Amino acid sequence: MYIKFTNIDYSMQDSYYQFQMSATYQNTTNSTSGDLLQPIPVYTITMPVHRLEIKLLDGHYVPVQGTVTVNGRRVITDSTGIALFSLADGNYEVVGEYLGGTRSLNLDLTDDASRMLVFRVLNPVVTVIDDNGKPLSAKVTLGNYTAQTDNTGNARFPQTTIQETNATIQYGDLTVVRYLVFDDSDNAKAILDLNAPIISDLNATYTKGYVTLSATITDPGEYATGFGNSSEFVVNYTIGTNKRRTYMYPLSASRFQAEIPIIDPAQTVYYTLSASDVSGNVKSVSGSFTPEAPQQPIGGNTNGTGTTGGSQGTDMGQYAIYAVIGIIVLALIVFMMKKKSEDEG
């Protein structure tokens, strides 16, 4: 509490003896006036001070010992879980701490008050699995505590009231950070997507001037991260001595396609198709395709080897020529048969 005396110059006569006294307590100020010529009185300044009781409880409403901070003052709760404060009128933020977690409330205090802060106490278990749900042997760190997973992929930790937190997971040479939210059974899953996408049904076709490369690309697994803005579907290809890159675009959720320009259909296109998922796992498949090569096998494989075929070197222009020749031959045969019949007649 701070007390301040101030001389008040009411008039030129006897003004030296007039004074005002003010008191400030927790940002609240009240005052009174006095006169030193009067017999020494008792001056009273009334301050609006209230009793605030904060009680910390666990999820079963059992009192716990933690700390409560109000208006910059930090108090340890007693054996009944209570922390007491004397406060003037005002708005206060009340913060309770217990087992690493915090709970808070805002309070407009105009009278004595009592409030409770309830903490859910967890026995946290972090389960580390891959994108197919297989348990992994890993080290998990929550705060300052590190635990090794067991054969079911579970790492167990001391009690806490923290329900959401970052966890650092070390699996072999891989270290990642995952944001975990513990469920009602005190469990949180940390998923490491370790498997690359699958490329299948790879096919190449030729339409004048372009080789069209298409494939089915999926990222299976119950917990797979799938594809997102960071995913790339890239085709690196070589024609002769020229090396180029193009990108595939989606035809559907799992079918992708790219066009490769080619001047001479007798040349071979050597390509490598690469696809990545959100976790950065990359799958690549390589092959080759010659548009006008005869008896070329059709289809490739997802191991990055083999040849993907297309047309057999015959385009629509050639079919048209064959049709015209056939019509001419047929007309000659009909003409000759008709001429022979006329001669015999």
# chains A, B, ... in the order shown; residues from 1 in each chain; ligands from 1
call {"tool": "residues_around", "arguments": {"residues": "Arg178 of chain A", "least_positions_apart": "2", "cutoff": "8 Å", "atoms": "only C-alpha atoms", "output": "list in words"}}
result
Asn166, Ala167, Thr168, Ile169, Val176, Leu180 and Ala190 of chain A
call {"tool": "write_last_selection", "arguments": {"atoms": "N, CA and C atoms", "output": "PDB file, in the first residue's frame"}}
result
ATOM      1  N   ASN A 166       4.206 -31.006 -28.898  1.00  0.00           N
ATOM      2  CA  ASN A 166       5.108 -31.512 -29.930  1.00  0.00           C
ATOM      3  C   ASN A 166       5.923 -32.666 -29.376  1.00  0.00           C
ATOM      4  N   ALA A 167       6.136 -33.680 -30.193  1.00  0.00           N
ATOM      5  CA  ALA A 167       6.964 -34.816 -29.816  1.00  0.00           C
ATOM      6  C   ALA A 167       8.071 -34.976 -30.853  1.00  0.00           C
ATOM      7  N   THR A 168       9.275 -35.247 -30.378  1.00  0.00           N
ATOM      8  CA  THR A 168      10.397 -35.522 -31.276  1.00  0.00           C
ATOM      9  C   THR A 168      10.582 -37.031 -31.347  1.00  0.00           C
ATOM     10  N   ILE A 169      10.588 -37.579 -32.557  1.00  0.00           N
ATOM     11  CA  ILE A 169      10.658 -39.022 -32.762  1.00  0.00           C
ATOM     12  C   ILE A 169      11.899 -39.351 -33.565  1.00  0.00           C
ATOM     13  N   VAL A 176      12.049 -36.714 -36.706  1.00  0.00           N
ATOM     14  CA  VAL A 176      10.935 -35.862 -37.113  1.00  0.00           C
ATOM     15  C   VAL A 176      10.242 -35.310 -35.874  1.00  0.00           C
ATOM     16  N   LEU A 180       1.131 -33.783 -31.381  1.00  0.00           N
ATOM     17  CA  LEU A 180       0.277 -34.846 -30.879  1.00  0.00           C
ATOM     18  C   LEU A 180      -0.873 -34.289 -30.051  1.00  0.00           C
ATOM     19  N   ALA A 190       1.795 -41.344 -33.470  1.00  0.00           N
ATOM     20  CA  ALA A 190       2.810 -40.647 -34.259  1.00  0.00           C
ATOM     21  C   ALA A 190       3.086 -41.511 -35.484  1.00  0.00           C
TER      22      ALA A 190
END
call {"tool": "closest_residue", "arguments": {"among": "A:Phe227, A:Tyr179, A:Tyr206, A:Tyr171", "to": "Ser279 of chain A", "atoms": "only C-alpha atoms"}}
result
A:Phe227
call {"tool": "closest_residue", "arguments": {"among": "A:Ala188, A:Ile76, A:Val68, A:Ala147", "to": "Thr165 of chain A", "atoms": "only C-alpha atoms"}}
result
A:Ala188
call {"tool": "residues_around", "arguments": {"residues": "segment 263-267 of chain A", "least_positions_apart": "4", "cutoff": "6 Å", "atoms": "only C-alpha atoms", "output": "PyMOL selection string"}}
result
chain A and resi 209+290-292
call {"tool": "select_by_dssp", "arguments": {"residues": "segment 162-308 of chain A", "states": "strand (DSSP E)", "output": "ChimeraX atom specification"}}
result
/A:164-171,174-181,187-192,198-207,210-218,233-239,242-247,249-250,255-261,269-276,282-289
call {"tool": "residues_around", "arguments": {"residues": "Thr127 of chain A", "least_positions_apart": "2", "cutoff": "12 Å", "atoms": "only C-alpha atoms", "output": "number ranges by chain"}}
result
A: 124-125, 129-130, 133-140, 147-157, 167, 169, 178, 180-183, 186-192
call {"tool": "write_last_selection", "arguments": {"atoms": "C-alpha atoms", "output": "tab-separated table (two decimals), in the first residue's frame"}}
result
chain	number	residue	atom	x	y	z
A	124	PRO	CA	0.36	-40.55	-21.76
A	125	VAL	CA	1.22	-43.25	-24.28
A	129	ILE	CA	3.63	-46.66	-36.48
A	130	ASP	CA	4.35	-46.51	-40.19
A	133	GLY	CA	0.00	-49.35	-39.20
A	134	LYS	CA	3.11	-51.41	-38.44
A	135	PRO	CA	4.65	-50.61	-35.01
A	136	LEU	CA	8.13	-49.11	-35.11
A	137	SER	CA	11.05	-49.22	-32.70
A	138	ALA	CA	11.77	-45.56	-32.00
A	139	LYS	CA	12.73	-43.06	-29.31
A	140	VAL	CA	10.11	-40.47	-28.39
A	147	ALA	CA	11.13	-43.10	-23.79
A	148	GLN	CA	11.80	-46.09	-26.04
A	149	THR	CA	8.86	-47.80	-27.74
A	150	ASP	CA	8.13	-51.45	-26.90
A	151	ASN	CA	7.37	-54.22	-29.40
A	152	THR	CA	3.87	-52.81	-29.92
A	153	GLY	CA	5.25	-49.36	-30.81
A	154	ASN	CA	4.16	-47.79	-27.48
A	155	ALA	CA	6.26	-45.33	-25.48
A	156	ARG	CA	4.98	-44.54	-21.97
A	157	PHE	CA	5.50	-41.30	-20.03
A	167	ALA	CA	6.96	-34.82	-29.82
A	169	ILE	CA	10.66	-39.02	-32.76
A	178	ARG	CA	4.98	-34.48	-34.75
A	180	LEU	CA	0.28	-34.85	-30.88
A	181	VAL	CA	-3.20	-34.61	-29.38
A	182	PHE	CA	-3.97	-37.21	-26.71
A	183	ASP	CA	-7.38	-38.87	-26.94
A	186	ASP	CA	-4.46	-40.92	-23.07
A	187	ASN	CA	-3.04	-42.21	-26.35
A	188	ALA	CA	-1.62	-40.33	-29.34
A	189	LYS	CA	-0.41	-41.83	-32.62
A	190	ALA	CA	2.81	-40.65	-34.26
A	191	ILE	CA	2.78	-41.80	-37.88
A	192	LEU	CA	5.91	-42.05	-39.99
call {"tool": "residues_around", "arguments": {"residues": "segment 104-117 of chain A", "least_positions_apart": "6", "cutoff": "9 Å", "atoms": "only C-alpha atoms", "output": "PyMOL selection string"}}
result
chain A and resi 48-58+86-97
call {"tool": "write_last_selection", "arguments": {"atoms": "N, CA and C atoms", "output": "short mmCIF file (atom, residue, chain, number, x, y, z; two decimals), in the first residue's frame"}}
result
data_model
loop_
_atom_site.label_atom_id
_atom_site.label_comp_id
_atom_site.auth_asym_id
_atom_site.auth_seq_id
_atom_site.Cartn_x
_atom_site.Cartn_y
_atom_site.Cartn_z
N PRO A 48 -11.42 -0.89 -1.31
CA PRO A 48 -12.23 -2.06 -1.65
C PRO A 48 -11.34 -3.27 -1.93
N VAL A 49 -11.04 -4.04 -0.91
CA VAL A 49 -10.19 -5.22 -1.05
C VAL A 49 -11.04 -6.47 -0.87
N HIS A 50 -10.86 -7.43 -1.81
CA HIS A 50 -11.68 -8.65 -1.80
C HIS A 50 -10.81 -9.88 -1.64
N ARG A 51 -11.46 -10.91 -1.10
CA ARG A 51 -10.78 -12.20 -0.90
C ARG A 51 -11.08 -13.10 -2.11
N LEU A 52 -10.03 -13.52 -2.78
CA LEU A 52 -10.19 -14.44 -3.92
C LEU A 52 -9.58 -15.78 -3.56
N GLU A 53 -10.37 -16.82 -3.67
CA GLU A 53 -9.93 -18.19 -3.38
C GLU A 53 -9.92 -19.00 -4.67
N ILE A 54 -8.75 -19.54 -5.02
CA ILE A 54 -8.61 -20.38 -6.21
C ILE A 54 -8.25 -21.80 -5.75
N LYS A 55 -9.03 -22.77 -6.24
CA LYS A 55 -8.81 -24.16 -5.84
C LYS A 55 -8.45 -24.99 -7.06
N LEU A 56 -7.35 -25.76 -6.95
CA LEU A 56 -6.91 -26.63 -8.02
C LEU A 56 -7.37 -28.06 -7.73
N LEU A 57 -7.98 -28.70 -8.77
CA LEU A 57 -8.51 -30.05 -8.62
C LEU A 57 -8.09 -30.90 -9.82
N ASP A 58 -8.00 -32.22 -9.62
CA ASP A 58 -7.77 -33.11 -10.76
C ASP A 58 -9.11 -33.49 -11.39
N SER A 86 -5.67 -11.33 -1.83
CA SER A 86 -6.43 -10.13 -1.47
C SER A 86 -6.26 -9.14 -2.61
N LEU A 87 -7.39 -8.77 -3.24
CA LEU A 87 -7.33 -7.98 -4.46
C LEU A 87 -8.36 -6.85 -4.44
N ALA A 88 -8.00 -5.76 -5.05
CA ALA A 88 -8.94 -4.67 -5.22
C ALA A 88 -9.85 -4.94 -6.40
N ASP A 89 -10.84 -4.07 -6.60
CA ASP A 89 -11.70 -4.19 -7.78
C ASP A 89 -10.85 -4.22 -9.04
N GLY A 90 -11.25 -5.03 -10.00
CA GLY A 90 -10.52 -5.04 -11.27
C GLY A 90 -10.73 -6.32 -12.03
N ASN A 91 -10.16 -6.36 -13.23
CA ASN A 91 -10.20 -7.55 -14.07
C ASN A 91 -8.85 -8.27 -13.96
N TYR A 92 -8.90 -9.56 -13.71
CA TYR A 92 -7.67 -10.32 -13.46
C TYR A 92 -7.66 -11.60 -14.31
N GLU A 93 -6.45 -11.96 -14.75
CA GLU A 93 -6.23 -13.27 -15.35
C GLU A 93 -5.66 -14.18 -14.28
N VAL A 94 -6.31 -15.33 -14.11
CA VAL A 94 -5.89 -16.32 -13.12
C VAL A 94 -5.30 -17.51 -13.86
N VAL A 95 -4.06 -17.87 -13.55
CA VAL A 95 -3.38 -18.98 -14.23
C VAL A 95 -2.96 -20.01 -13.19
N GLY A 96 -3.44 -21.24 -13.37
CA GLY A 96 -3.04 -22.35 -12.50
C GLY A 96 -2.10 -23.29 -13.24
N GLU A 97 -1.13 -23.84 -12.53
CA GLU A 97 -0.16 -24.77 -13.13
C GLU A 97 -0.10 -26.04 -12.29
#
call {"tool": "residues_around", "arguments": {"residues": "Tyr210 of chain A", "least_positions_apart": "4", "cutoff": "7 Å", "atoms": "only C-alpha atoms", "output": "count of residues only"}}
result
5
call {"tool": "closest_residue", "arguments": {"among": "A:Thr175, A:Thr205, A:Thr238, A:Asn281", "to": "Gln257 of chain A", "atoms": "only C-alpha atoms"}}
result
A:Thr205
